[in-house]
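**Student:** For reference, this is input-v5.cif, and it has mmCIF, C-alpha atoms and all ligand atoms.
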data_my_file
loop_
_atom_site.group_PDB
_atom_site.id
_atom_site.type_symbol
_atom_site.label_atom_id
_atom_site.label_comp_id
_atom_site.auth_asym_id
_atom_site.auth_seq_id
_atom_site.Cartn_x
_atom_site.Cartn_y
_atom_site.Cartn_z
ATOM 1 C CA MET A 107 -21.718 -3.462 -30.605
ATOM 2 C CA ALA A 108 -23.290 -4.254 -27.212
ATOM 3 C CA ASP A 109 -19.858 -3.692 -25.682
ATOM 4 C CA LEU A 110 -19.544 -0.328 -27.356
ATOM 5 C CA GLN A 111 -22.979 0.691 -26.100
ATOM 6 C CA ARG A 112 -22.071 -0.380 -22.565
ATOM 7 C CA GLN A 113 -18.891 1.700 -22.721
ATOM 8 C CA THR A 114 -20.809 4.687 -24.043
ATOM 9 C CA TYR A 115 -23.325 4.425 -21.186
ATOM 10 C CA LYS A 116 -20.503 4.021 -18.632
ATOM 11 C CA ALA A 117 -18.724 7.097 -20.007
ATOM 12 C CA ALA A 118 -21.965 9.094 -19.876
ATOM 13 C CA LEU A 119 -22.559 8.018 -16.264
ATOM 14 C CA SER A 120 -19.025 9.033 -15.164
ATOM 15 C CA TRP A 121 -19.532 12.335 -16.902
ATOM 16 C CA TYR A 122 -22.795 12.894 -14.986
ATOM 17 C CA LEU A 123 -21.075 11.984 -11.690
ATOM 18 C CA ASP A 124 -18.223 14.398 -12.367
ATOM 19 C CA ALA A 125 -20.758 17.091 -13.156
ATOM 20 C CA GLY A 126 -22.385 16.569 -9.770
ATOM 21 C CA VAL A 127 -25.437 14.529 -10.782
ATOM 22 C CA ASP A 128 -25.530 12.031 -7.936
ATOM 23 C CA ILE A 129 -29.149 10.947 -7.864
ATOM 24 C CA ALA A 130 -30.273 8.889 -10.816
ATOM 25 C CA LEU A 131 -33.395 7.412 -9.249
ATOM 26 C CA GLY A 132 -36.720 9.023 -8.552
ATOM 27 C CA ASP A 133 -39.664 7.619 -6.615
ATOM 28 C CA ASP A 134 -41.685 6.975 -9.782
ATOM 29 C CA PRO A 135 -40.427 5.185 -12.898
ATOM 30 C CA VAL A 136 -40.025 7.367 -16.000
ATOM 31 C CA ASP A 137 -39.861 5.903 -19.499
ATOM 32 C CA ARG A 138 -37.200 8.116 -21.051
ATOM 33 C CA THR A 139 -37.451 6.278 -24.366
ATOM 34 C CA ALA A 140 -41.185 6.942 -24.831
ATOM 35 C CA MET A 141 -42.073 9.142 -27.810
ATOM 36 C CA PRO A 142 -43.550 12.465 -26.737
ATOM 37 C CA ALA A 143 -47.317 12.582 -27.255
ATOM 38 C CA LEU A 144 -48.267 14.495 -30.380
ATOM 39 C CA PRO A 145 -50.601 17.437 -29.926
ATOM 40 C CA VAL A 146 -54.216 16.677 -30.762
ATOM 41 C CA VAL A 147 -55.153 20.265 -31.603
ATOM 42 C CA GLU A 148 -54.337 20.773 -35.282
ATOM 43 C CA ASP A 149 -53.500 24.460 -35.141
ATOM 44 C CA ALA A 150 -51.479 24.302 -31.911
ATOM 45 C CA PRO A 151 -48.679 26.911 -31.974
ATOM 46 C CA ALA A 152 -45.363 25.395 -33.098
ATOM 47 C CA ALA A 153 -43.620 26.376 -29.850
ATOM 48 C CA SER A 154 -45.813 24.021 -27.810
ATOM 49 C CA VAL A 155 -44.939 20.930 -29.882
ATOM 50 C CA PRO A 156 -42.515 18.736 -27.970
ATOM 51 C CA THR A 157 -39.258 18.160 -29.823
ATOM 52 C CA ALA A 158 -36.233 15.992 -29.215
ATOM 53 C CA ARG A 159 -34.766 18.947 -27.305
ATOM 54 C CA THR A 160 -37.756 19.426 -25.016
ATOM 55 C CA PRO A 161 -36.176 19.222 -21.537
ATOM 56 C CA ILE A 162 -37.288 16.224 -19.528
ATOM 57 C CA SER A 163 -38.325 17.274 -16.044
ATOM 58 C CA ALA A 164 -35.885 15.935 -13.440
ATOM 59 C CA PRO A 165 -37.199 13.660 -10.688
ATOM 60 C CA ALA A 166 -37.442 15.217 -7.254
ATOM 61 C CA VAL A 167 -34.114 14.871 -5.430
ATOM 62 C CA SER A 168 -33.914 14.331 -1.704
ATOM 63 C CA GLU A 169 -30.759 15.528 0.134
ATOM 64 C CA SER A 170 -30.223 12.161 1.695
ATOM 65 C CA ALA A 171 -31.244 9.455 -0.698
ATOM 66 C CA PHE A 172 -30.923 6.541 1.705
ATOM 67 C CA ILE A 173 -33.083 7.874 4.542
ATOM 68 C CA GLY A 174 -34.506 11.290 5.380
ATOM 69 C CA ALA A 175 -32.024 13.959 6.576
ATOM 70 C CA SER A 176 -33.406 14.151 10.124
ATOM 71 C CA GLU A 177 -33.412 10.371 10.457
ATOM 72 C CA ALA A 178 -29.872 10.315 9.092
ATOM 73 C CA ARG A 179 -28.804 12.944 11.600
ATOM 74 C CA ALA A 180 -30.350 10.963 14.490
ATOM 75 C CA GLU A 181 -28.543 7.854 13.271
ATOM 76 C CA SER A 182 -25.145 9.565 12.831
ATOM 77 C CA LEU A 183 -25.466 11.037 16.312
ATOM 78 C CA LYS A 184 -26.331 7.655 17.833
ATOM 79 C CA LEU A 185 -23.439 5.916 16.062
ATOM 80 C CA ALA A 186 -20.960 8.675 16.901
ATOM 81 C CA MET A 187 -21.882 8.726 20.597
ATOM 82 C CA ALA A 188 -21.542 4.950 20.808
ATOM 83 C CA ALA A 189 -17.982 4.958 19.402
ATOM 84 C CA ASN A 190 -15.355 4.899 22.130
ATOM 85 C CA THR A 191 -12.230 4.607 20.022
ATOM 86 C CA LEU A 192 -11.141 5.956 16.655
ATOM 87 C CA ASP A 193 -11.325 2.448 15.194
ATOM 88 C CA GLU A 194 -14.910 2.074 16.403
ATOM 89 C CA LEU A 195 -15.742 5.461 14.918
ATOM 90 C CA ARG A 196 -14.202 4.540 11.571
ATOM 91 C CA GLU A 197 -16.246 1.322 11.513
ATOM 92 C CA ALA A 198 -19.433 3.142 12.496
ATOM 93 C CA ILE A 199 -18.989 5.678 9.682
ATOM 94 C CA ALA A 200 -18.214 2.908 7.191
ATOM 95 C CA ALA A 201 -21.465 1.160 8.142
ATOM 96 C CA PHE A 202 -23.540 4.360 7.997
ATOM 97 C CA ASP A 203 -26.052 4.506 5.142
ATOM 98 C CA GLY A 204 -27.523 7.942 5.772
ATOM 99 C CA LEU A 205 -25.713 9.873 3.036
ATOM 100 C CA SER A 206 -26.171 9.253 -0.667
ATOM 101 C CA LEU A 207 -22.581 10.466 -1.161
ATOM 102 C CA LYS A 208 -21.503 7.027 -0.075
ATOM 103 C CA ARG A 209 -23.033 5.510 -3.183
ATOM 104 C CA THR A 210 -21.139 7.721 -5.612
ATOM 105 C CA ALA A 211 -17.812 7.663 -3.757
ATOM 106 C CA THR A 212 -15.104 5.074 -4.406
ATOM 107 C CA ASN A 213 -13.656 5.097 -0.883
ATOM 108 C CA MET A 214 -14.536 6.461 2.510
ATOM 109 C CA VAL A 215 -11.961 8.999 3.725
ATOM 110 C CA PHE A 216 -11.453 8.949 7.485
ATOM 111 C CA SER A 217 -8.074 10.440 8.385
ATOM 112 C CA ASP A 218 -4.355 10.504 7.801
ATOM 113 C CA GLY A 219 -1.357 11.250 9.977
ATOM 114 C CA ASN A 220 -0.756 10.489 13.609
ATOM 115 C CA PRO A 221 -3.917 10.417 15.780
ATOM 116 C CA SER A 222 -1.763 11.267 18.820
ATOM 117 C CA ALA A 223 -0.466 14.435 17.139
ATOM 118 C CA PRO A 224 -0.990 17.647 19.124
ATOM 119 C CA ILE A 225 -2.352 19.417 16.036
ATOM 120 C CA MET A 226 -5.405 18.300 14.080
ATOM 121 C CA VAL A 227 -6.270 19.883 10.740
ATOM 122 C CA ILE A 228 -9.838 19.644 9.467
ATOM 123 C CA GLY A 229 -10.769 20.368 5.864
ATOM 124 C CA GLU A 230 -14.007 20.278 3.939
ATOM 125 C CA ALA A 231 -14.454 17.038 1.988
ATOM 126 C CA PRO A 232 -12.441 14.596 -0.092
ATOM 127 C CA GLY A 233 -11.748 15.462 -3.713
ATOM 128 C CA ALA A 234 -11.080 13.092 -6.605
ATOM 129 C CA ASP A 235 -7.551 12.087 -5.482
ATOM 130 C CA GLU A 236 -8.662 11.560 -1.882
ATOM 131 C CA ASP A 237 -11.631 9.502 -3.084
ATOM 132 C CA ARG A 238 -9.282 7.298 -5.117
ATOM 133 C CA GLN A 239 -6.752 6.807 -2.289
ATOM 134 C CA GLY A 240 -9.085 6.856 0.724
ATOM 135 C CA LYS A 241 -6.940 9.503 2.495
ATOM 136 C CA PRO A 242 -7.511 13.211 3.105
ATOM 137 C CA PHE A 243 -5.478 15.930 1.390
ATOM 138 C CA VAL A 244 -3.406 13.836 -0.980
ATOM 139 C CA GLY A 245 -4.040 15.856 -4.171
ATOM 140 C CA VAL A 246 -2.542 19.210 -5.156
ATOM 141 C CA SER A 247 -4.169 21.071 -2.272
ATOM 142 C CA GLY A 248 -2.819 18.376 0.062
ATOM 143 C CA GLN A 249 0.657 18.974 -1.285
ATOM 144 C CA LEU A 250 0.312 22.653 -0.462
ATOM 145 C CA LEU A 251 -1.049 21.773 2.985
ATOM 146 C CA ASP A 252 2.009 19.566 3.574
ATOM 147 C CA ARG A 253 4.302 22.459 2.608
ATOM 148 C CA MET A 254 2.394 24.821 4.896
ATOM 149 C CA LEU A 255 2.731 22.404 7.800
ATOM 150 C CA ALA A 256 6.399 21.782 6.996
ATOM 151 C CA SER A 257 7.069 25.533 7.172
ATOM 152 C CA ILE A 258 6.395 25.357 10.915
ATOM 153 C CA GLY A 259 8.110 22.016 11.428
ATOM 154 C CA LEU A 260 5.059 19.727 11.170
ATOM 155 C CA ASN A 261 4.712 16.598 9.082
ATOM 156 C CA ARG A 262 1.788 14.197 8.943
ATOM 157 C CA GLU A 263 4.255 11.307 8.771
ATOM 158 C CA ALA A 264 6.571 12.456 11.567
ATOM 159 C CA GLU A 265 7.534 9.685 13.960
ATOM 160 C CA ASP A 266 8.162 12.213 16.701
ATOM 161 C CA VAL A 267 4.595 12.891 17.904
ATOM 162 C CA ALA A 268 5.395 16.507 18.824
ATOM 163 C CA HIS A 269 6.017 17.296 15.156
ATOM 164 C CA ALA A 270 3.245 15.189 13.738
ATOM 165 C CA ALA A 271 -0.108 16.345 12.397
ATOM 166 C CA TYR A 272 -3.431 14.554 12.173
ATOM 167 C CA ILE A 273 -5.795 15.335 9.299
ATOM 168 C CA SER A 274 -9.483 14.779 8.606
ATOM 169 C CA ASN A 275 -12.476 16.425 6.930
ATOM 170 C CA ILE A 276 -16.039 17.445 7.763
ATOM 171 C CA LEU A 277 -17.346 14.922 5.204
ATOM 172 C CA ASN A 278 -16.089 11.367 4.819
ATOM 173 C CA TRP A 279 -17.173 10.909 1.203
ATOM 174 C CA ARG A 280 -16.473 12.965 -1.883
ATOM 175 C CA PRO A 281 -19.330 15.146 -3.117
ATOM 176 C CA PRO A 282 -19.657 14.346 -6.848
ATOM 177 C CA GLY A 283 -17.954 16.890 -9.061
ATOM 178 C CA ASN A 284 -16.334 18.390 -5.920
ATOM 179 C CA ARG A 285 -19.426 20.463 -5.296
ATOM 180 C CA THR A 286 -19.721 22.282 -1.975
ATOM 181 C CA PRO A 287 -21.334 20.050 0.677
ATOM 182 C CA SER A 288 -25.006 20.851 1.225
ATOM 183 C CA PRO A 289 -26.142 22.124 4.664
ATOM 184 C CA ALA A 290 -27.953 18.782 5.202
ATOM 185 C CA GLU A 291 -24.783 16.797 4.424
ATOM 186 C CA ILE A 292 -22.820 18.922 6.893
ATOM 187 C CA GLU A 293 -25.477 18.553 9.570
ATOM 188 C CA VAL A 294 -25.570 14.778 9.180
ATOM 189 C CA SER A 295 -21.741 14.535 9.202
ATOM 190 C CA LEU A 296 -21.111 16.884 12.128
ATOM 191 C CA PRO A 297 -21.587 14.291 14.917
ATOM 192 C CA PHE A 298 -18.933 12.102 13.270
ATOM 193 C CA ILE A 299 -16.244 14.773 12.969
ATOM 194 C CA GLU A 300 -17.055 16.174 16.411
ATOM 195 C CA ARG A 301 -16.742 12.724 17.976
ATOM 196 C CA HIS A 302 -13.536 12.322 15.954
ATOM 197 C CA ILE A 303 -12.130 15.461 17.574
ATOM 198 C CA ALA A 304 -13.264 14.344 21.035
ATOM 199 C CA LEU A 305 -11.582 10.944 20.645
ATOM 200 C CA ALA A 306 -8.335 12.281 19.128
ATOM 201 C CA ARG A 307 -8.211 15.140 21.653
ATOM 202 C CA PRO A 308 -5.628 17.320 19.897
ATOM 203 C CA ARG A 309 -4.114 20.241 21.825
ATOM 204 C CA LEU A 310 -4.801 22.627 18.930
ATOM 205 C CA LEU A 311 -7.206 22.614 15.990
ATOM 206 C CA VAL A 312 -6.781 24.119 12.528
ATOM 207 C CA PHE A 313 -9.884 24.582 10.396
ATOM 208 C CA ALA A 314 -8.881 24.755 6.731
ATOM 209 C CA GLY A 315 -11.392 26.830 4.779
ATOM 210 C CA GLY A 316 -14.764 28.395 5.329
ATOM 211 C CA VAL A 317 -16.841 25.206 5.380
ATOM 212 C CA ALA A 318 -14.814 23.628 8.207
ATOM 213 C CA ALA A 319 -14.503 26.895 10.141
ATOM 214 C CA LYS A 320 -18.161 27.880 9.915
ATOM 215 C CA SER A 321 -19.474 24.374 10.641
ATOM 216 C CA LEU A 322 -17.257 23.734 13.652
ATOM 217 C CA LEU A 323 -17.501 27.232 15.101
ATOM 218 C CA GLY A 324 -21.230 27.486 14.410
ATOM 219 C CA SER A 325 -20.648 30.820 12.730
ATOM 220 C CA GLY A 326 -22.099 32.556 9.701
ATOM 221 C CA ASP A 327 -18.992 34.748 9.320
ATOM 222 C CA THR A 328 -16.731 34.498 6.296
ATOM 223 C CA ILE A 329 -13.361 32.801 6.535
ATOM 224 C CA SER A 330 -11.716 36.230 6.132
ATOM 225 C CA ARG A 331 -13.384 37.313 9.376
ATOM 226 C CA LEU A 332 -12.842 34.029 11.218
ATOM 227 C CA ARG A 333 -9.126 33.707 10.446
ATOM 228 C CA GLY A 334 -6.333 35.584 12.205
ATOM 229 C CA THR A 335 -7.655 35.059 15.720
ATOM 230 C CA TRP A 336 -7.975 32.254 18.255
ATOM 231 C CA HIS A 337 -11.330 30.600 18.962
ATOM 232 C CA ASN A 338 -12.320 28.201 21.701
ATOM 233 C CA TYR A 339 -13.765 25.161 20.009
ATOM 234 C CA VAL A 340 -16.633 23.366 21.758
ATOM 235 C CA PRO A 341 -18.837 20.868 19.906
ATOM 236 C CA GLN A 342 -21.796 22.264 17.986
ATOM 237 C CA THR A 343 -23.541 18.970 18.717
ATOM 238 C CA ALA A 344 -25.238 19.827 22.023
ATOM 239 C CA GLU A 345 -25.222 16.194 23.187
ATOM 240 C CA MET A 346 -21.408 16.199 23.066
ATOM 241 C CA ARG A 347 -20.793 19.328 25.109
ATOM 242 C CA ALA A 348 -21.011 17.928 28.651
ATOM 243 C CA GLY A 349 -17.537 17.596 30.166
ATOM 244 C CA PHE A 350 -15.805 18.807 27.000
ATOM 245 C CA THR A 351 -12.760 20.995 27.654
ATOM 246 C CA PRO A 352 -12.599 23.697 24.953
ATOM 247 C CA ILE A 353 -9.742 23.334 22.448
ATOM 248 C CA PRO A 354 -7.956 26.407 21.050
ATOM 249 C CA ALA A 355 -8.733 26.568 17.330
ATOM 250 C CA ILE A 356 -7.557 28.689 14.456
ATOM 251 C CA ALA A 357 -9.191 29.059 11.049
ATOM 252 C CA THR A 358 -7.211 29.704 7.898
ATOM 253 C CA TYR A 359 -7.689 29.785 4.151
ATOM 254 C CA HIS A 360 -8.191 26.445 2.436
ATOM 255 C CA PRO A 361 -5.092 25.366 0.446
ATOM 256 C CA SER A 362 -7.153 24.994 -2.740
ATOM 257 C CA TYR A 363 -8.285 28.619 -2.321
ATOM 258 C CA LEU A 364 -4.650 29.643 -1.827
ATOM 259 C CA LEU A 365 -3.721 27.862 -5.055
ATOM 260 C CA ARG A 366 -6.311 29.957 -6.866
ATOM 261 C CA THR A 367 -5.601 33.155 -4.918
ATOM 262 C CA PRO A 368 -1.888 33.226 -4.053
ATOM 263 C CA ALA A 369 -2.170 36.806 -2.762
ATOM 264 C CA HIS A 370 -3.780 35.347 0.381
ATOM 265 C CA LYS A 371 -0.762 33.163 1.165
ATOM 266 C CA ARG A 372 0.666 36.029 3.189
ATOM 267 C CA ALA A 373 -2.351 35.933 5.537
ATOM 268 C CA ALA A 374 -2.151 32.135 5.719
ATOM 269 C CA TRP A 375 1.518 32.438 6.678
ATOM 270 C CA ALA A 376 0.532 34.827 9.492
ATOM 271 C CA ASP A 377 -1.990 32.188 10.675
ATOM 272 C CA LEU A 378 0.715 29.518 10.673
ATOM 273 C CA LEU A 379 3.009 31.741 12.717
ATOM 274 C CA MET A 380 0.177 32.261 15.229
ATOM 275 C CA LEU A 381 -0.243 28.504 15.399
ATOM 276 C CA GLN A 382 3.467 27.979 15.959
ATOM 277 C CA ALA A 383 3.599 30.657 18.680
ATOM 278 C CA LYS A 384 0.615 29.124 20.497
ATOM 279 C CA ALA A 385 2.076 25.613 20.234
ATOM 280 C CA ARG A 386 5.350 26.881 21.689
ATOM 281 C CA SER A 387 3.578 28.728 24.499
ATOM 282 C CA LEU A 388 1.733 25.522 25.418
ATOM 283 C CA GLY A 389 4.981 23.537 25.264
ATOM 284 C CA VAL A 390 3.639 21.460 22.375
ATOM 285 C CA PHE A 391 6.821 21.948 20.330
HETATM 286 N N1 LIG A 401 -9.973 19.414 0.178
HETATM 287 C C1 LIG A 401 -10.404 19.128 1.423
HETATM 288 O O1 LIG A 401 -11.048 19.940 2.075
HETATM 289 N N2 LIG A 401 -10.104 17.952 1.927
HETATM 290 C C2 LIG A 401 -9.403 17.036 1.269
HETATM 291 O O2 LIG A 401 -9.183 15.962 1.806
HETATM 292 C C3 LIG A 401 -8.970 17.357 -0.030
HETATM 293 C C4 LIG A 401 -9.265 18.551 -0.558
#
Written as structure tokens, that's how I'd like the structure from this file.

**Tutor:**
Amino acid sequence: MADLQRQTYKAALSWYLDAGVDIALGDDPVDRTAMPALPVVEDAPAASVPTARTPISAPAVSESAFIGASEARAESLKLAMAANTLDELREAIAAFDGLSLKRTATNMVFSDGNPSAPIMVIGEAPGADEDRQGKPFVGVSGQLLDRMLASIGLNREAEDVAHAAYISNILNWRPPGNRTPSPAEIEVSLPFIERHIALARPRLLVFAGGVAAKSLLGSGDTISRLRGTWHNYVPQTAEMRAGFTPIPAIATYHPSYLLRTPAHKRAAWADLLMLQAKARSLGVF
């Protein structure tokens, strides 16, 4: 019986997580099992009587449950700036406690592919498959990304560096229920991905989807307006700009969007051809 109850509670918790409920704790304790107080006024209107369905007010939720968002941002910046190799950066992110996403995720997702590759692709955030495997773009959208890269001769597993790709995301932990990252989560994560770019130093950058493109280009434009043209990427994190040589960057539709909206594959193909032409003109491949 106790076992059955435990399983029921576990199932309910996973369901909440999948639905995006990632904060279960408030500052003040709430006795959810307490009976609602009965009204003392005898002729109180029926509608005001609490019932089993009376919604329980949710505790206040802070964006960053471990520490405040501005403290978290200061900490991520400090850790990112102190990392001088990709391994150091990976360790610094793993030790970082400034995002509550870490508590609901199974694995941290840092990168996949060859860090010496001339082309680095940056997506939004890990999904369920990535969270399980600890690698970016390994689910269905990752399979489409692999086919897109293959269409211009790139492969994340290529031994020949010139044909290899390196892949990461703006966020290192999966947002529960695959919800869109909040502005605070992006702000806190930005120093990590920008240091990641600076340490990997790819020749060309590909931003997959609106979240990556807007965050890394510091733009409020839609992905439809940002794609189809070359940008010069410089870090949005002001402290990282000194001495940074701009990197040509292209934005394109996110593979998961293309799976839902195949009509846009034509535009994504045009973006890939632009990428290939630029890589050839730079002698990358
Ligand atoms: N979508 C992303 O943006 N990144 C992943 O790693 C997987 C899906």

**Student:** Name the closest residue to Thr343 (chain A) among the candidates A:Pro281, A:Pro308, A:Pro297, A:Pro368; distances are taken between atoms, counting all atoms listed in the file.

**Tutor:**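 Looking at the shortest contact to Thr343 (chain A), the residue is A:Pro297.
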
**Student:** Identify which of the residues A:Ala188, A:Val294, A:Leu364, A:Ala231 lies closest to ligand LIG 401 (chain A), counting only C-alpha atoms and all ligand atoms when measuring atom-to-atom distances.

**Tutor:** A:Ala231

**Student:** State, in Å with one decimal place, the distance from CA of Arg309 (chain A) to CA of Ile353 (chain A).

**Tutor:**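 Between CA of Arg309 (chain A) and CA of Ile353 (chain A) the gap is 6.5 Å.
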
**Student:** Please identify all protein, DNA and RNA residues within 9 Å of ligand LIG 401 (chain A), counting only C-alpha atoms and all ligand atoms, and report them as a ChimeraX atom specification.

**Tutor:** /A:215,217,228-237,241-248,273-278,280,284,314-315,317-318,360-362

**Student:** Could you turn the residues from that selection into a file that holds C-alpha atoms, as a compact mmCIF listing (two decimals), keeping the file's coordinate frame?

**Tutor:**
# COMPACT_ATOMS: atom_id res chain seq x y z
CA VAL A 215 -11.96 9.00 3.72
CA SER A 217 -8.07 10.44 8.38
CA ILE A 228 -9.84 19.64 9.47
CA GLY A 229 -10.77 20.37 5.86
CA GLU A 230 -14.01 20.28 3.94
CA ALA A 231 -14.45 17.04 1.99
CA PRO A 232 -12.44 14.60 -0.09
CA GLY A 233 -11.75 15.46 -3.71
CA ALA A 234 -11.08 13.09 -6.60
CA ASP A 235 -7.55 12.09 -5.48
CA GLU A 236 -8.66 11.56 -1.88
CA ASP A 237 -11.63 9.50 -3.08
CA LYS A 241 -6.94 9.50 2.50
CA PRO A 242 -7.51 13.21 3.10
CA PHE A 243 -5.48 15.93 1.39
CA VAL A 244 -3.41 13.84 -0.98
CA GLY A 245 -4.04 15.86 -4.17
CA VAL A 246 -2.54 19.21 -5.16
CA SER A 247 -4.17 21.07 -2.27
CA GLY A 248 -2.82 18.38 0.06
CA ILE A 273 -5.80 15.34 9.30
CA SER A 274 -9.48 14.78 8.61
CA ASN A 275 -12.48 16.42 6.93
CA ILE A 276 -16.04 17.44 7.76
CA LEU A 277 -17.35 14.92 5.20
CA ASN A 278 -16.09 11.37 4.82
CA ARG A 280 -16.47 12.96 -1.88
CA ASN A 284 -16.33 18.39 -5.92
CA ALA A 314 -8.88 24.76 6.73
CA GLY A 315 -11.39 26.83 4.78
CA VAL A 317 -16.84 25.21 5.38
CA ALA A 318 -14.81 23.63 8.21
CA HIS A 360 -8.19 26.44 2.44
CA PRO A 361 -5.09 25.37 0.45
CA SER A 362 -7.15 24.99 -2.74

**Student:** Just say which residues the PyMOL selection byres (((chain A and resi 195-203) around 7) and not hetatm) picks in this file, as a list in words.

**Tutor:**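 Those residues are Phe172, Leu185, Ala186, Ala189, Thr191, Leu192, Asp193, Glu194, Gly204, Leu205, Met214 and Phe216 of chain A.
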
**Student:** Save out the residues we just selected, C-alpha atoms, as a CSV table (one decimal), in the coordinates of the input.

**Tutor:**
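Written file, result-v2.csv:
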chain,number,residue,atom,x,y,z
A,172,PHE,CA,-30.9,6.5,1.7
A,185,LEU,CA,-23.4,5.9,16.1
A,186,ALA,CA,-21.0,8.7,16.9
A,189,ALA,CA,-18.0,5.0,19.4
A,191,THR,CA,-12.2,4.6,20.0
A,192,LEU,CA,-11.1,6.0,16.7
A,193,ASP,CA,-11.3,2.4,15.2
A,194,GLU,CA,-14.9,2.1,16.4
A,204,GLY,CA,-27.5,7.9,5.8
A,205,LEU,CA,-25.7,9.9,3.0
A,214,MET,CA,-14.5,6.5,2.5
A,216,PHE,CA,-11.5,8.9,7.5

**Student:** In the coordinates of the file, take the point (-14.1, 23.0, 28.6) and a cut-off of 12 Å; then, counting all atoms listed in the file, name each qualifying protein, DNA or RNA residue as number ranges by chain.

**Tutor:** A: 304, 338-341, 346-354

**Student:** Just how far from CA of Leu250 (chain A) is CA of Ala373 (chain A), in Å to one decimal?

**Tutor:** 14.8 Å

**Student:** From the options A:Val267, A:Ile225, A:Ile292, A:Leu260, which residue's atoms come nearest to Ala175 (chain A), counting all atoms listed in the file?

**Tutor:** A:Ile292
